[in-house]
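Student: My structure is below; once you've seen it, I'll send some questions.
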Amino acid sequence: MSSPSPSSAPAALSWQLIEDARERIAGKVNLTPVLTSSTLDGLTGARLSFKCENFQKGGAFKARGATNAVFTLSETAARRGVATHSSGNHAAALARAAALRGIRAYVVMPDNTAQAKRAAVNRYGAEITWCAPTMAARENAVQQVLAATGATLIHPYNDLLVMAGQATVAVEFLEAVPVLDVLLCPVGGGGLISGCAVAAKSIKRDIRVIGVEPKGADDAARSLRAGRIVPVERPDTIADGLRATLGELPFAEIRRLVDDIITVSDEDIVRAMRQMWEVLKIVVEPSAAVAYAALLNPPSALRSRRIGIIVSGGNLDLDQLPWRVAPNN
């Protein structure tokens, strides 16, 4: 399938774009499992299903959107390569998708990126440019890369093709568990929740879609209340994948379709992450534990509901687990 021309490019995410994305990425990404746990059901007072994108190619849902965007490029554009800025998971996903297509990938990464995410990008053969850990530094650096290479920017979340790819998470989830009442989804730049909101409400109109984000990076909650994007100047959270500033295209869908956004503390994120490791027996990163963290002290509206939780990824430094206790000197 060829990339839409600028004059015909859609202005909003549609079900057709999502269907096209699902067809385009079929066979290039994993159909990830859905796990359940009677233990966690008992602890939360709800019936939970976990869509485990930590088992996705590259260890995160980002493989979906990056693969869709890369394989939509025309041959002429693809020959010039692709570029992005990312704290890790999208960088690895784009590098992998570029390798599948046989083209170059240029990635700008903050110099505080987790070692496991650096290693993944290196394995897929991307050319990395390091920058300071601020959004301004990331954006400035990627503009320099684009000017030098002529590559096509594949934004981590502010891109309809990326959003359409991420939306396939919700399509698969509702095919596997059609009885869901609520979908809980982590929020960073908004690409995942916006895509999943469009997909979920296209399939099941009365499903509630609720975002969850760290209190130290709560721009989505602030923005939804204000009706405009309200950035957090210095995001401060253990959930490194959720420090991004909300994108304009995702925010348009969030305002239209997302029912609520809940914020959680870093302490609850760590507690949720540990419970998921111990009970579900899966490796999840802090960003992926955020949605479950909302259920540690669940609002009454979520009790006794059938809740789908998107587990977004599992890439983290195993030498830096947040519950590790330093040995006594």
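Quick note on naming: the chains in the structure tokens go A, B, ... in the order shown, residues restart at 1 in each chain, and ligands are numbered from 1 in order of appearance.
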Considering only C-alpha atoms, give me a table of residues in range 134-209 of chain A that are at most 10 Å from range 259-272 of chain A, with the closest atom pair and distance in Å for each, as a tab-separated table.
Tutor:
```
residue	atom	partner	partner_atom	distance
A:Val182	CA	A:Asp259	CA	9.9
A:Leu184	CA	A:Ile261	CA	9.3
A:Cys185	CA	A:Ile261	CA	9.3
A:Pro186	CA	A:Ile261	CA	9.3
A:Val187	CA	A:Ile261	CA	8.6
A:Ala197	CA	A:Asp259	CA	9.4
A:Ile207	CA	A:Asp259	CA	9.4
A:Arg208	CA	A:Asp259	CA	6.1
A:Val209	CA	A:Asp259	CA	5.6
```
Student: Might you pull out every residue within 12 Å of Ala98 in chain A, with only C-alpha atoms counted and same-chain residues fewer than 2 positions away left off, and present them as a short mmCIF file (atom, residue, chain, number, x, y, z; two decimals) with N, CA and C atoms, in the first residue's frame?
Tutor:
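Dumped to out_29.cif:
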```
data_model
loop_
_atom_site.label_atom_id
_atom_site.label_comp_id
_atom_site.auth_asym_id
_atom_site.auth_seq_id
_atom_site.Cartn_x
_atom_site.Cartn_y
_atom_site.Cartn_z
N LYS A 28 4.28 -9.36 10.65
CA LYS A 28 5.50 -8.61 11.00
C LYS A 28 5.56 -8.30 12.48
N ALA A 63 6.17 -1.57 18.27
CA ALA A 63 6.44 -2.27 17.01
C ALA A 63 5.30 -2.09 16.02
N ALA A 66 5.30 1.72 14.43
CA ALA A 66 6.49 1.96 13.62
C ALA A 66 6.47 1.11 12.35
N THR A 67 6.06 -0.14 12.48
CA THR A 67 6.01 -1.03 11.30
C THR A 67 4.98 -0.53 10.30
N ASN A 68 3.82 -0.10 10.79
CA ASN A 68 2.80 0.42 9.87
C ASN A 68 3.32 1.63 9.11
N ALA A 69 3.95 2.56 9.82
CA ALA A 69 4.43 3.78 9.18
C ALA A 69 5.54 3.49 8.16
N VAL A 70 6.48 2.64 8.53
CA VAL A 70 7.61 2.34 7.63
C VAL A 70 7.13 1.64 6.36
N PHE A 71 6.19 0.71 6.50
CA PHE A 71 5.74 -0.04 5.32
C PHE A 71 4.66 0.70 4.53
N THR A 72 4.32 1.91 4.95
CA THR A 72 3.43 2.77 4.16
C THR A 72 4.23 3.69 3.24
N LEU A 73 5.51 3.86 3.51
CA LEU A 73 6.34 4.78 2.73
C LEU A 73 6.45 4.33 1.27
N ALA A 78 11.39 5.69 1.12
CA ALA A 78 12.05 4.66 1.92
C ALA A 78 13.55 4.62 1.67
N ARG A 79 13.96 4.88 0.43
CA ARG A 79 15.40 4.83 0.11
C ARG A 79 16.19 5.88 0.89
N ARG A 80 15.53 6.95 1.32
CA ARG A 80 16.22 7.99 2.09
C ARG A 80 16.29 7.66 3.58
N GLY A 81 15.61 6.61 3.99
CA GLY A 81 15.65 6.21 5.38
C GLY A 81 14.58 6.88 6.22
N VAL A 82 14.57 6.53 7.50
CA VAL A 82 13.60 7.06 8.45
C VAL A 82 14.33 7.56 9.69
N ALA A 83 13.71 8.49 10.39
CA ALA A 83 14.34 9.07 11.58
C ALA A 83 13.28 9.33 12.64
N THR A 84 13.74 9.37 13.88
CA THR A 84 12.84 9.69 14.98
C THR A 84 13.63 10.14 16.18
N HIS A 90 10.15 3.24 21.03
CA HIS A 90 9.86 3.59 19.63
C HIS A 90 11.13 3.55 18.80
N ALA A 91 12.25 3.94 19.40
CA ALA A 91 13.53 3.89 18.69
C ALA A 91 13.83 2.47 18.23
N ALA A 92 13.69 1.51 19.15
CA ALA A 92 13.94 0.11 18.79
C ALA A 92 12.94 -0.39 17.77
N ALA A 93 11.68 0.02 17.93
CA ALA A 93 10.64 -0.42 17.00
C ALA A 93 10.91 0.11 15.59
N LEU A 94 11.32 1.37 15.50
CA LEU A 94 11.60 1.95 14.18
C LEU A 94 12.83 1.31 13.57
N ALA A 95 13.85 1.07 14.38
CA ALA A 95 15.06 0.43 13.87
C ALA A 95 14.73 -0.97 13.34
N ARG A 96 13.89 -1.69 14.06
CA ARG A 96 13.50 -3.04 13.62
C ARG A 96 12.70 -2.98 12.32
N LEU A 100 13.61 -4.57 8.66
CA LEU A 100 12.73 -5.47 7.90
C LEU A 100 12.56 -5.00 6.47
N ARG A 101 12.52 -3.68 6.30
CA ARG A 101 12.33 -3.15 4.94
C ARG A 101 13.66 -2.96 4.20
N GLY A 102 14.77 -3.09 4.92
CA GLY A 102 16.07 -2.95 4.29
C GLY A 102 16.49 -1.51 4.05
N ILE A 103 16.09 -0.62 4.95
CA ILE A 103 16.44 0.80 4.81
C ILE A 103 17.13 1.28 6.08
N ARG A 104 17.67 2.48 6.04
CA ARG A 104 18.42 3.02 7.18
C ARG A 104 17.48 3.67 8.18
N ALA A 105 17.90 3.63 9.45
CA ALA A 105 17.16 4.30 10.53
C ALA A 105 18.12 5.18 11.31
N TYR A 106 17.68 6.40 11.56
CA TYR A 106 18.45 7.36 12.34
C TYR A 106 17.63 7.71 13.58
N VAL A 107 18.23 7.55 14.75
CA VAL A 107 17.48 7.69 15.99
C VAL A 107 18.18 8.66 16.92
N VAL A 121 18.20 -0.92 20.37
CA VAL A 121 18.37 -0.08 19.18
C VAL A 121 19.66 -0.46 18.45
N TYR A 124 19.37 -3.65 16.32
CA TYR A 124 18.66 -3.51 15.04
C TYR A 124 19.42 -2.64 14.04
N GLY A 125 20.56 -2.09 14.44
CA GLY A 125 21.44 -1.44 13.49
C GLY A 125 21.15 0.01 13.17
N ALA A 126 20.41 0.70 14.04
CA ALA A 126 20.14 2.12 13.79
C ALA A 126 21.37 2.97 14.08
N GLU A 127 21.43 4.13 13.45
CA GLU A 127 22.48 5.11 13.73
C GLU A 127 21.95 6.04 14.82
N ALA A 151 15.97 11.92 5.47
CA ALA A 151 15.11 10.84 5.94
C ALA A 151 13.71 11.35 6.25
N THR A 152 12.75 10.43 6.33
CA THR A 152 11.37 10.76 6.70
C THR A 152 11.20 10.62 8.20
N ILE A 154 9.41 9.69 11.42
CA ILE A 154 8.34 8.85 11.94
C ILE A 154 8.20 9.22 13.41
#
```
Student: Taking into account only C-alpha atoms, which residue in the set A:Leu192, A:Ala148, A:Ala294, A:Ile210 is nearest to Met163 in chain A?
Tutor: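 Between A:Leu192, A:Ala148, A:Ala294, A:Ile210, the residue approaching Met163 in chain A most closely is A:Leu192.
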Student: Among range 145-297 of chain A, which ones does DSSP place in strand (DSSP E), written as a count of residues only?
Tutor: 19
Student: For Leu296 in chain A, which residue out of A:Ile310, A:Val162, A:Gln275, A:Asp20 is the nearest one, using only C-alpha atoms?
Tutor: A:Gln275
Student: Any idea what's packed within 8 Å of Ala114 in chain A, counting only C-alpha atoms, ignoring anything in its chain fewer than 2 positions away? Could you give it as a PDB file with N, CA and C atoms, in the first residue's frame?
Tutor:
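Saved file out38.pdb follows:
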```pdb
ATOM      1  N   GLY A  88      13.372   5.244  23.864  1.00  0.00           N
ATOM      2  CA  GLY A  88      13.819   3.865  23.758  1.00  0.00           C
ATOM      3  C   GLY A  88      12.939   2.921  22.981  1.00  0.00           C
ATOM      4  N   ASN A 112      20.058   9.691  28.996  1.00  0.00           N
ATOM      5  CA  ASN A 112      19.711   8.933  30.202  1.00  0.00           C
ATOM      6  C   ASN A 112      18.839   7.720  29.885  1.00  0.00           C
ATOM      7  N   ALA A 116      18.992  -1.251  28.615  1.00  0.00           N
ATOM      8  CA  ALA A 116      18.329  -2.302  27.830  1.00  0.00           C
ATOM      9  C   ALA A 116      17.746  -1.739  26.540  1.00  0.00           C
ATOM     10  N   LYS A 117      17.239  -0.508  26.599  1.00  0.00           N
ATOM     11  CA  LYS A 117      16.658   0.107  25.404  1.00  0.00           C
ATOM     12  C   LYS A 117      17.750   0.548  24.428  1.00  0.00           C
ATOM     13  N   ARG A 118      18.878   1.015  24.947  1.00  0.00           N
ATOM     14  CA  ARG A 118      20.016   1.336  24.077  1.00  0.00           C
ATOM     15  C   ARG A 118      20.474   0.087  23.319  1.00  0.00           C
ATOM     16  N   LEU A 316      13.570  -2.901  30.445  1.00  0.00           N
ATOM     17  CA  LEU A 316      14.162  -2.150  31.557  1.00  0.00           C
ATOM     18  C   LEU A 316      15.478  -2.802  31.931  1.00  0.00           C
ATOM     19  N   ASP A 317      16.272  -2.048  32.705  1.00  0.00           N
ATOM     20  CA  ASP A 317      17.559  -2.567  33.156  1.00  0.00           C
ATOM     21  C   ASP A 317      17.342  -3.467  34.362  1.00  0.00           C
TER      22      ASP A 317
END
```
Student: Using only C-alpha atoms, which protein or nucleic acid residues come within 8 Å of Ala200 in chain A? Drop anything in the same chain fewer than 3 positions from it, and give the result as a count of residues only.
Tutor: 10
